[in-house]
>>> print(open('query17.cif').read())   # mmCIF, C-alpha atoms
data_my_file
loop_
_atom_site.label_atom_id
_atom_site.label_comp_id
_atom_site.auth_asym_id
_atom_site.auth_seq_id
_atom_site.Cartn_x
_atom_site.Cartn_y
_atom_site.Cartn_z
CA MET A 286 29.54 -21.86 9.94
CA ALA A 287 27.95 -19.26 7.67
CA VAL A 288 27.74 -20.24 4.03
CA PRO A 289 30.45 -18.32 2.13
CA VAL A 290 28.94 -16.27 -0.68
CA ALA A 291 31.04 -16.27 -3.82
CA ASN A 292 29.77 -13.07 -5.43
CA ASP A 293 28.90 -9.54 -4.43
CA LYS A 294 25.14 -9.86 -4.88
CA PRO A 295 23.06 -9.14 -1.77
CA VAL A 296 22.00 -12.27 0.09
CA LEU A 297 18.28 -13.01 0.32
CA VAL A 298 17.22 -15.78 2.74
CA LEU A 299 13.79 -17.44 2.36
CA LEU A 300 12.52 -19.57 5.27
CA HIS A 301 9.60 -21.97 4.66
CA GLY A 302 6.74 -22.80 7.01
CA TRP A 303 5.57 -25.74 9.12
CA GLY A 304 5.29 -29.16 7.48
CA LEU A 305 7.06 -28.14 4.28
CA ASN A 306 10.58 -27.59 2.94
CA HIS A 307 12.63 -25.26 0.77
CA ALA A 308 11.03 -26.55 -2.47
CA VAL A 309 8.04 -24.24 -1.84
CA TRP A 310 10.17 -21.34 -3.16
CA GLN A 311 10.94 -23.06 -6.47
CA GLN A 312 8.69 -21.00 -8.73
CA LEU A 313 9.92 -17.68 -7.28
CA LEU A 314 13.63 -18.29 -7.83
CA PRO A 315 13.86 -17.30 -11.52
CA GLN A 316 12.67 -13.77 -10.62
CA LEU A 317 15.30 -13.41 -7.89
CA THR A 318 18.57 -15.09 -8.80
CA GLU A 319 19.74 -12.44 -11.27
CA GLN A 320 19.90 -9.75 -8.57
CA PHE A 321 20.34 -11.77 -5.37
CA THR A 322 22.20 -14.71 -3.95
CA VAL A 323 19.18 -16.67 -2.70
CA LEU A 324 19.58 -19.06 0.24
CA THR A 325 16.65 -21.36 1.11
CA PRO A 326 17.74 -23.38 4.15
CA ASP A 327 15.37 -26.02 5.46
CA LEU A 328 14.19 -25.51 9.03
CA PRO A 329 15.78 -28.05 11.41
CA GLY A 330 14.14 -31.46 11.01
CA PHE A 331 12.41 -30.50 7.73
CA GLY A 332 13.39 -31.35 4.16
CA LEU A 333 17.11 -32.07 3.93
CA ALA A 334 17.94 -30.68 7.40
CA GLU A 335 18.01 -33.93 9.32
CA SER A 336 19.31 -32.62 12.63
CA TYR A 337 17.09 -30.60 14.94
CA PRO A 338 17.16 -29.43 18.56
CA GLN A 339 15.68 -31.69 21.23
CA PRO A 340 13.56 -30.34 22.82
CA TYR A 341 12.48 -28.34 19.77
CA LEU A 342 12.94 -24.79 21.08
CA LEU A 343 12.53 -21.75 18.84
CA THR A 344 15.76 -20.18 20.11
CA ASP A 345 17.76 -23.33 19.31
CA ALA A 346 16.15 -23.87 15.91
CA ALA A 347 16.83 -20.21 15.04
CA ALA A 348 20.48 -20.57 16.10
CA MET A 349 20.88 -23.59 13.80
CA VAL A 350 19.48 -21.64 10.84
CA ALA A 351 21.51 -18.52 11.72
CA GLU A 352 24.72 -20.54 11.31
CA GLN A 353 23.88 -20.89 7.62
CA ILE A 354 23.31 -17.17 7.01
CA PRO A 355 26.02 -14.58 6.31
CA ALA A 356 25.98 -11.22 8.10
CA GLY A 357 23.85 -8.47 6.58
CA SER A 358 21.32 -10.77 4.88
CA LEU A 359 17.78 -9.85 3.89
CA VAL A 360 15.72 -12.46 5.76
CA LEU A 361 12.15 -13.42 4.90
CA GLY A 362 10.09 -15.99 6.80
CA TRP A 363 6.73 -17.50 5.87
CA SER A 364 4.38 -18.62 8.67
CA LEU A 365 6.48 -20.62 11.20
CA GLY A 366 9.53 -19.43 9.24
CA GLY A 367 8.55 -15.87 10.22
CA LEU A 368 8.92 -16.75 13.91
CA VAL A 369 12.34 -18.30 13.18
CA ALA A 370 13.40 -15.24 11.16
CA THR A 371 12.29 -12.92 13.98
CA GLN A 372 14.16 -14.95 16.59
CA ILE A 373 17.31 -14.78 14.43
CA ALA A 374 16.86 -11.00 14.13
CA LEU A 375 16.58 -10.72 17.93
CA ASP A 376 19.45 -13.06 18.85
CA PHE A 377 21.81 -12.46 15.90
CA PRO A 378 20.94 -8.92 14.73
CA GLU A 379 24.18 -8.64 12.74
CA LYS A 380 22.88 -11.38 10.44
CA VAL A 381 19.67 -9.54 9.48
CA LYS A 382 19.83 -6.26 7.58
CA ALA A 383 16.06 -6.29 6.98
CA LEU A 384 13.28 -8.61 8.13
CA ALA A 385 10.16 -9.64 6.20
CA TRP A 386 7.19 -11.72 7.32
CA VAL A 387 4.86 -13.52 4.94
CA ALA A 388 1.54 -14.66 6.45
CA SER A 389 3.24 -14.79 9.83
CA SER A 390 2.58 -13.48 13.32
CA PRO A 391 4.61 -12.88 16.49
CA CYS A 392 1.91 -14.91 18.28
CA PHE A 393 -0.17 -17.40 16.27
CA VAL A 394 -2.70 -18.36 18.92
CA ALA A 395 -5.70 -16.17 19.74
CA GLY A 396 -5.63 -14.63 23.22
CA ASP A 397 -6.88 -11.63 25.16
CA ASN A 398 -7.57 -8.98 22.56
CA TRP A 399 -5.22 -10.70 20.08
CA PRO A 400 -6.66 -12.34 16.94
CA GLY A 401 -5.16 -15.68 15.92
CA MET A 402 -5.81 -19.41 15.60
CA ALA A 403 -8.04 -21.21 18.06
CA PRO A 404 -5.85 -23.29 20.42
CA LEU A 405 -8.15 -26.24 19.70
CA VAL A 406 -7.08 -26.27 16.02
CA LEU A 407 -3.44 -26.77 16.98
CA ARG A 408 -4.34 -29.45 19.54
CA GLN A 409 -6.30 -31.31 16.87
CA PHE A 410 -3.32 -31.16 14.51
CA ALA A 411 -1.01 -32.47 17.22
CA ALA A 412 -3.36 -35.39 17.94
CA ALA A 413 -3.77 -36.19 14.24
CA LEU A 414 0.00 -36.01 13.67
CA ALA A 415 0.53 -38.81 16.15
CA LYS A 416 -1.72 -41.01 13.98
CA ASP A 417 -0.82 -40.11 10.38
CA VAL A 418 1.89 -37.61 9.39
CA ALA A 419 1.20 -37.51 5.63
CA LEU A 420 -2.58 -37.10 6.00
CA THR A 421 -2.20 -34.37 8.63
CA ILE A 422 0.16 -32.36 6.41
CA GLU A 423 -2.30 -32.75 3.54
CA ARG A 424 -5.09 -31.35 5.74
CA PHE A 425 -2.82 -28.47 6.72
CA LEU A 426 -2.15 -27.75 3.04
CA ALA A 427 -5.88 -27.61 2.39
CA ILE A 428 -6.31 -24.98 5.14
CA GLN A 429 -3.45 -22.95 3.65
CA ALA A 430 -5.40 -22.49 0.44
CA LEU A 431 -8.87 -21.84 1.94
CA GLY A 432 -10.67 -19.01 0.21
CA SER A 433 -8.29 -18.79 -2.70
CA ALA A 434 -9.82 -19.06 -6.17
CA THR A 435 -6.99 -21.36 -7.25
CA ALA A 436 -7.01 -23.52 -4.11
CA ARG A 437 -6.80 -26.90 -5.84
CA GLN A 438 -3.83 -25.86 -7.95
CA GLU A 439 -2.08 -24.41 -4.87
CA ILE A 440 -2.52 -27.62 -2.89
CA LYS A 441 -1.15 -29.61 -5.82
CA LEU A 442 1.96 -27.41 -5.99
CA LEU A 443 2.48 -27.54 -2.23
CA LYS A 444 2.15 -31.33 -2.26
CA GLN A 445 4.66 -31.60 -5.11
CA ALA A 446 7.10 -29.48 -3.11
CA LEU A 447 6.60 -31.57 -0.02
CA LEU A 448 7.00 -34.91 -1.77
CA SER A 449 10.10 -33.86 -3.72
CA LEU A 450 12.15 -34.17 -0.50
CA PRO A 451 12.11 -36.44 2.56
CA LEU A 452 9.06 -36.01 4.81
CA PRO A 453 9.75 -33.94 7.94
CA GLN A 454 10.97 -35.74 11.07
CA PRO A 455 7.92 -36.48 13.27
CA ALA A 456 9.57 -34.95 16.36
CA ALA A 457 10.35 -31.75 14.40
CA LEU A 458 6.74 -31.57 13.18
CA ALA A 459 5.44 -31.92 16.72
CA GLY A 460 8.06 -29.44 17.97
CA GLY A 461 7.17 -26.92 15.26
CA LEU A 462 3.49 -27.17 16.22
CA ALA A 463 4.41 -26.56 19.85
CA VAL A 464 6.36 -23.44 18.80
CA LEU A 465 3.27 -22.17 16.92
CA ALA A 466 1.08 -22.93 19.93
CA GLU A 467 3.31 -21.50 22.66
CA GLU A 468 5.68 -18.82 21.37
CA ASP A 469 4.84 -15.16 21.82
CA LEU A 470 7.45 -12.71 20.55
CA ARG A 471 5.23 -9.63 20.98
CA PRO A 472 7.05 -8.38 24.11
CA ARG A 473 10.37 -8.36 22.22
CA LEU A 474 9.33 -6.70 18.96
CA ALA A 475 10.44 -3.29 20.23
CA GLU A 476 14.01 -4.66 20.37
CA LEU A 477 14.15 -5.08 16.59
CA ARG A 478 16.54 -2.50 15.16
CA MET A 479 16.24 -3.37 11.48
CA PRO A 480 13.38 -2.40 9.13
CA VAL A 481 10.44 -4.82 9.29
CA THR A 482 7.94 -5.43 6.52
CA GLY A 483 5.18 -7.94 5.91
CA CYS A 484 2.95 -9.37 3.21
CA PHE A 485 -0.39 -10.96 4.15
CA GLY A 486 -3.36 -12.56 2.40
CA ARG A 487 -6.75 -11.03 3.20
CA LEU A 488 -8.38 -14.49 3.09
CA ASP A 489 -5.86 -16.14 5.44
CA SER A 490 -7.61 -18.25 8.07
CA LEU A 491 -4.45 -18.87 10.13
CA VAL A 492 -3.23 -15.27 10.38
CA PRO A 493 -6.42 -13.15 10.49
CA MET A 494 -6.44 -9.62 9.12
CA ALA A 495 -7.67 -8.26 12.46
CA MET A 496 -4.20 -9.09 13.82
CA LEU A 497 -2.51 -6.55 11.53
CA GLU A 498 -3.96 -3.52 13.29
CA LYS A 499 -2.57 -4.78 16.61
CA LEU A 500 0.76 -5.58 14.96
CA GLN A 501 0.99 -2.08 13.49
CA THR A 502 0.49 -0.64 16.99
CA LEU A 503 3.34 -2.78 18.34
CA LEU A 504 5.57 -1.95 15.35
CA PRO A 505 4.49 1.49 14.07
CA GLN A 506 7.40 1.66 11.60
CA ALA A 507 6.59 -1.69 9.95
CA SER A 508 5.33 -1.60 6.38
CA LEU A 509 2.47 -4.11 5.99
CA THR A 510 0.96 -5.11 2.64
CA ILE A 511 -2.30 -7.02 2.15
CA LEU A 512 -2.97 -9.01 -1.03
CA PRO A 513 -6.78 -8.87 -1.36
CA LYS A 514 -7.38 -12.26 -2.99
CA ALA A 515 -4.59 -14.30 -1.35
CA SER A 516 -4.76 -16.75 1.54
CA HIS A 517 -1.93 -18.27 3.64
CA ALA A 518 0.46 -19.00 0.75
CA PRO A 519 0.45 -15.84 -1.41
CA PHE A 520 3.70 -16.74 -3.18
CA ILE A 521 1.96 -19.83 -4.59
CA SER A 522 -1.53 -18.42 -5.25
CA HIS A 523 -0.36 -15.04 -6.60
CA PRO A 524 3.26 -15.53 -7.71
CA ASP A 525 3.40 -12.41 -9.92
CA GLU A 526 1.87 -10.03 -7.39
CA PHE A 527 3.93 -11.54 -4.58
CA GLY A 528 7.10 -11.57 -6.68
CA GLN A 529 6.70 -7.83 -7.40
CA TRP A 530 6.24 -7.11 -3.70
CA LEU A 531 9.27 -9.23 -2.78
CA LEU A 532 11.56 -7.66 -5.38
CA HIS A 533 10.45 -4.16 -4.40
CA TRP A 534 11.15 -4.91 -0.71
CA ALA A 535 14.48 -6.64 -1.30
CA GLN A 536 15.82 -3.98 -3.69
CA ASN A 537 14.88 -1.12 -1.33
CA ALA A 538 16.12 -2.94 1.76
CA HIS A 539 19.46 -3.61 0.08
CA ARG A 540 19.88 0.03 -0.97
CA SER A 541 19.05 1.51 2.42
CA HIS A 542 21.78 1.79 5.04
#
>>> encode(input="query17.cif", output="structure tokens")
Amino acid sequence: MAVPVANDKPVLVLLHGWGLNHAVWQQLLPQLTEQFTVLTPDLPGFGLAESYPQPYLLTDAAAMVAEQIPAGSLVLGWSLGGLVATQIALDFPEKVKALAWVASSPCFVAGDNWPGMAPLVLRQFAAALAKDVALTIERFLAIQALGSATARQEIKLLKQALLSLPLPQPAALAGGLAVLAEEDLRPRLAELRMPVTGCFGRLDSLVPMAMLEKLQTLLPQASLTILPKASHAPFISHPDEFGQWLLHWAQNAHRSH
């Protein structure tokens, strides 16, 4: 059941990343709610979304989120949320008027001539998760902020967001990691019929800048922006710069037909 929207403002959907919940968007909302109806659903098994698909398949998780989105929404996904947003755009194109990625990739793991994360990093996270969920998420948060001048403040904000809601379900955390490790949406990008845009941090260690050139080749029409001093969570490290980019994208995407 799509959430009924009670006004005529365009709907903007923000999807969070692995290990976190919808509270990560908190400091952006004041800039957005005047012009948009903002929906921030939790990914299945994260935050307040207690139910999740078993096994944790990207297609099934995307279908569960799609149920909460009205047709013609502007959909933005950060990191793992970008994969979910892309899967929704592929499987339920009527739901997505325009698609935006933030520090996300159609394929997170490095492979032949494709820059990404070392598979070992994800395996280490999976092993650590089995031992201590809270500590592993904290380590992940530290990686998110690597290279950013305000790293300590970012980690503090991310931790506050995480702890304001129930911790993710362990099976959803493991499933989300498996999605990051195994999914590859590159072969299907050409099927996307809506405009695609992206915002990336130049210092991001999880989604390397070298990937963007390859992405632009796969999606020549995509508009990709790089924030020079940001890392993996630009909306937390550079809220003003990111907020301007987001508003500019959302306003233009809403106006275009």
>>> atom_distance(input="query17.cif", atom1="CA of Gln454 in chain A", atom2="CA of Lys416 in chain A")
14.0 Å
>>> atom_distance(input="query17.cif", atom1="CA of Leu405 in chain A", atom2="CA of Leu365 in chain A")
17.8 Å
>>> axis_aligned_box(input="query17.cif", around="range 516-527 of chain A", padding_each_side="6 Å", output="AutoDock Vina command-line options")
--center_x -0.4 --center_y -14.9 --center_z -3.1 --size_x 20.7 --size_y 21.8 --size_z 25.6
>>> resolve_selection(input="query17.cif", expression="the PyMOL selection byres ((chain A and resi 523-531) around 10)", output="ChimeraX atom specification")
/A:312-314,316-317,361,385,387,433,435,439,483-486,510,512,514-516,518-522,532-537
>>> closest_residue(input="query17.cif", among="A:Leu465, A:Met496, A:Met479, A:Ala308", to="Phe393 in chain A", atoms="all atoms listed in the file")
A:Leu465
>>> atom_distance(input="query17.cif", atom1="CA of His517 in chain A", atom2="CA of Asp489 in chain A")
4.8 Å
>>> closest_residue(input="query17.cif", among="A:Leu368, A:Leu426, A:Val406, A:Leu324", to="Arg471 in chain A", atoms="all atoms listed in the file")
A:Leu368
>>> residues_around(input="query17.cif", residues="range 373-381 of chain A", least_positions_apart="4", cutoff="6 Å", atoms="all atoms listed in the file", output="list in words")
Ala347, Ala356, Gly357, Ser358 and Leu359 of chain A
>>> closest_residue(input="query17.cif", among="A:Val418, A:Leu342, A:Ala459, A:Val360", to="Val296 in chain A", atoms="only C-alpha atoms")
A:Val360
>>> residues_around(input="query17.cif", residues="Leu458 in chain A", least_positions_apart="6", cutoff="12 Å", atoms="all atoms listed in the file", output="ChimeraX atom specification")
/A:302-306,328-332,337-338,340-341,365,407,410-415,417-419,421-422,425,452,464-465
>>> closest_residue(input="query17.cif", among="A:Gln506, A:Thr325, A:Gln353, A:Asn292", to="Gln311 in chain A", atoms="only C-alpha atoms")
A:Thr325
>>> residues_around(input="query17.cif", residues="Pro295 in chain A", least_positions_apart="2", cutoff="7 Å", atoms="only C-alpha atoms", output="list of chain:residue names")
A:Asp293, A:Leu297, A:Phe321, A:Thr322, A:His539
>>> closest_residue(input="query17.cif", among="A:Glu498, A:Glu476, A:Ala346, A:Glu423", to="Ala446 in chain A", atoms="all atoms listed in the file")
A:Glu423
>>> closest_residue(input="query17.cif", among="A:His307, A:Lys294, A:His301, A:Lys382", to="Arg478 in chain A", atoms="all atoms listed in the file")
A:Lys382
>>> resolve_selection(input="query17.cif", expression="the PyMOL selection byres ((chain A and resi 492) around 7)", output="PyMOL selection string")
chain A and resi 388-390+393+401+489-491+493-494
